[in-house]
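Note sheet for the following structure.
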Amino acid sequence: MDAFDLFRKLGAGAKFDFKRFGKDADRFKQGEMEGEGILWTSSADRKAKGLQKVERDKEKISMKRLKQLHQEKVNRVRAQHRINVHGCDVPDPVCTFSELQSEYGLNPRVLQNLSSAGLTTPTPIQMQAIPLMMHGRELLACAPTGSGKTLAFCLPLLTHLKQPANLGFRALIISPTRELASQTHRELVRLSEGVGFRVHILDKASMAAKKYGPSSNKKYDILVSTPNRLVFLLKQDPPALHLSSVEWLVVDESDKLFEDGRSGFRDQLAAVFQACSGPRVRRALYSATCVPDVEQWCRINLDNLVSVNIGHRNSAVETVEQELLFVGTENGKLLAMRDIIKKGFLPPMLVFVQSIERARELFHELVYEGINVDVIHADRTQQQRDNVISSFRSGDIWVLICTALLARGIDFKGVNLVLNYDFPTSAVEYIHRIGRTGRAGHTGRAVTFFTEDDKPLLRSIANVIKQAGCPVPDYMLGFKKIHSVVVREADCHVIVFDPRHGQNKVCIRICSFDSCNNPAHYA
DNA sequence: AAAAAAC
């Protein structure tokens with residue numbers, strides 16, 4: 001065993017930076033060789049024994065110093081990228097994709113696919129989560145929206161599987177919506193191009209064909225699906241799908257899939273976990289937001305859990321300029337919306353509403369405005385949903401009205417504005433919705449309408465906005481469950497006031513609304 | 001609290 005192998009063992013997967021620690025390494029190597037020479041000579045010589053001890057001490061000190069220097073460097077890299085990690089024996093982060101080839105045997109063709117896709121440097125979550133999964137570690141990963149989580153689990157899967165094999169599905173990825181499953185599937189296909197993996201998505205056609213049943217040839221490797229489809233196939237007698245060959249189970253948007261209650265995802269997810277019964281199954285849970293429930297579950301059920309957090313947990317991405325807009329009433333929303341359209345905006349824009357019915361209504365209000373607007377929600381047919389997504393991606397639709405269906409994971413290139421037409425139902429939903437813009441380091445903008453009715457949640461959203469570095473009026477942060485804060489008039493700040501609205505006079509502003517009596521704010 | 005998720 002040479003010095004570096006020994007070092008690696010002690011560092012528990014630590015990598016060695018030859019450039020940075022070259023001098024220490026040389027000194028160390030020399031010391032080791034001298035030491036060895038002594039070890040193998042006759043032990044009868046006392047002098048030699050004394051020398052041996054000196055050399056051993058030298059070696060110990062040198063080793064300790066090396067470890068220390070190395071750890072300092074690793075700490076610096078983690079701090080610089082805001083990587084927080086909890087767990088035992090955590091491997092070092094990688095700083096380049098090519099290290100993944102040299103250190104972990106990433107397929108060169110995959111590396112080539114990465115660079116053709118313009119991906120040159122790993123993002124913080126990729127730097128730390130990839131080595132962890134490469135070491136077969138189970139993990140809970142939390143990283144901001146648009147920070148590269150999909151790639152962070154896809155690369156280790158492809159490396160782990162090595163090459164196509166006819167053993168049945170060896171990797172499974174679960175997503176909360178069909179749109180997200182389909183996007184992840186596409187990403188995997190693109191990433192593994194030329195390697196020959198059979199990447200499948202569970203859709204109606206594949207389910208009808210019964211092609212994963214007991215009599216199938218098992219010529220497939222990776223499966224992407226929403227949970228209920230899987231459960232449906234698993235429940236059939238005999239089961240139309242076997243997951244006992246699964247070696248990696250990835251739960252994307254994990255907090256969503258842990259949602260409890262009568263119609264939550266949790267039971268479905270439990271059935272999937274149970275079906276992945278192989279002795280070697282490893283599990284990884286990813287999301288931009290993490291709730292205590294999920295963390296608790298992971299601590300109890302995962303093997304030697306490592307949790308990785310990038311930046312602060314449950315925070316909005318900092319590349320989005322966020323704004324709260326008081327619109328007074330329902331009618332005020334529509335007026336403000338028309339105002340945005342009239343003033344001119346840079347498409348594409350995503351507009352979130354709280355229910356399917358509201359999505360339909362808003363669509364009918366806007367369809368005659370002379371802009372390319374469409375709507376998507378779970379009550380539309382899969383064909384319609386697919387068409388809408390592809391038209392929005394291609395730029396044929398400028399304004400897309402949507403429900404929470406599109407709140408998570410969906411990666412539209414270059415969404416310029418996310419409009420929360422209806423107030424989000426929680427801070428977590430807010431974080432995911434506005435995360436459809438400002439992705440991969442690009443800038444974005446999010447505007448959130450609010451009315452009197454939204455006051456109960458205003459404070460928690462205002463806190464998220466403030467934490468992301470956007471200004472919010474102090475009184476919003478001071479809101480308590482029982483409103484008792486007296487608001488100074490100086491806090492009443494008119495954002496938009498358009499006298500052209502005639503009879504439907506509207507005041508659009510950030511202020512305390514109920515205690516504001518400034519007539520200028522009401523025209 | 002609504003949405004999503006099978007046929």
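As shown in the structure tokens, the chain order sets the letters A, B, ...; within each chain, residues go from 1, and ligands are also counted from 1 in the order they appear.
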
Pull out every residue of chain A sitting within 12 Å of chain B, counting only C-alpha atoms (C1' of nucleotides), and send them as a PyMOL selection string.
-> chain A and resi 174-180+202-204+207-208+225-236+256-257+259+261+263-269+353-358+377-379+402-408+424-426+429

Quick one: pick out all helix (DSSP H, G or I) residues within region 83-124 of chain A from a backbone DSSP run and write them as a ChimeraX atom specification.
-> /A:97-104,108-116,124

Which of region 38-263 of chain A fall in strand (DSSP E), as a PDB file with C-alpha atoms, in the first residue's frame:
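Okay, part_10.pdb is ready:
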```pdb
ATOM      1  CA  ILE A  83     -22.822  22.922   0.960  1.00  0.00           C
ATOM      2  CA  ASN A  84     -23.990  21.756   4.380  1.00  0.00           C
ATOM      3  CA  VAL A  85     -23.713  18.087   5.020  1.00  0.00           C
ATOM      4  CA  HIS A  86     -24.612  15.885   7.980  1.00  0.00           C
ATOM      5  CA  LEU A 139     -29.432  10.477   1.225  1.00  0.00           C
ATOM      6  CA  LEU A 140     -31.855  13.302   1.720  1.00  0.00           C
ATOM      7  CA  ALA A 141     -30.933  16.200  -0.524  1.00  0.00           C
ATOM      8  CA  CYS A 142     -32.334  19.701  -0.341  1.00  0.00           C
ATOM      9  CA  ALA A 171     -33.312   2.123 -11.119  1.00  0.00           C
ATOM     10  CA  LEU A 172     -36.629   3.802 -10.415  1.00  0.00           C
ATOM     11  CA  ILE A 173     -37.472   7.499 -10.235  1.00  0.00           C
ATOM     12  CA  ILE A 174     -40.794   8.691  -8.809  1.00  0.00           C
ATOM     13  CA  VAL A 199     -35.035   4.180 -20.135  1.00  0.00           C
ATOM     14  CA  HIS A 200     -38.806   3.811 -19.830  1.00  0.00           C
ATOM     15  CA  ILE A 201     -41.698   5.934 -18.669  1.00  0.00           C
ATOM     16  CA  ILE A 222     -34.440   2.595 -15.739  1.00  0.00           C
ATOM     17  CA  LEU A 223     -38.071   3.459 -15.033  1.00  0.00           C
ATOM     18  CA  VAL A 224     -39.573   6.894 -14.461  1.00  0.00           C
ATOM     19  CA  SER A 225     -43.152   7.088 -13.226  1.00  0.00           C
ATOM     20  CA  TRP A 248     -31.608   2.705  -6.747  1.00  0.00           C
ATOM     21  CA  LEU A 249     -34.917   4.304  -5.845  1.00  0.00           C
ATOM     22  CA  VAL A 250     -35.023   8.072  -6.285  1.00  0.00           C
ATOM     23  CA  VAL A 251     -37.920  10.068  -4.867  1.00  0.00           C
TER      24      VAL A 251
END
```

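We find CA of Val375 (chain A) and CA of Glu253 (chain A) to be spaced 23.2 Å apart.
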
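Distance-wise, CA of Ser254 (chain A) and CA of Leu119 (chain A) end up 25.3 Å apart.
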
Pick out the residues sitting within 12 Å of Asp221 (chain A), and hand them over as an MDAnalysis selection string; count only C-alpha atoms (C1' of nucleotides), and ignore anything fewer than 2 positions along from it in its own chain.
-> chainID A and resid 157:158 160:173 188:189 192 195:201 212 217:219 223:224 243 245:248
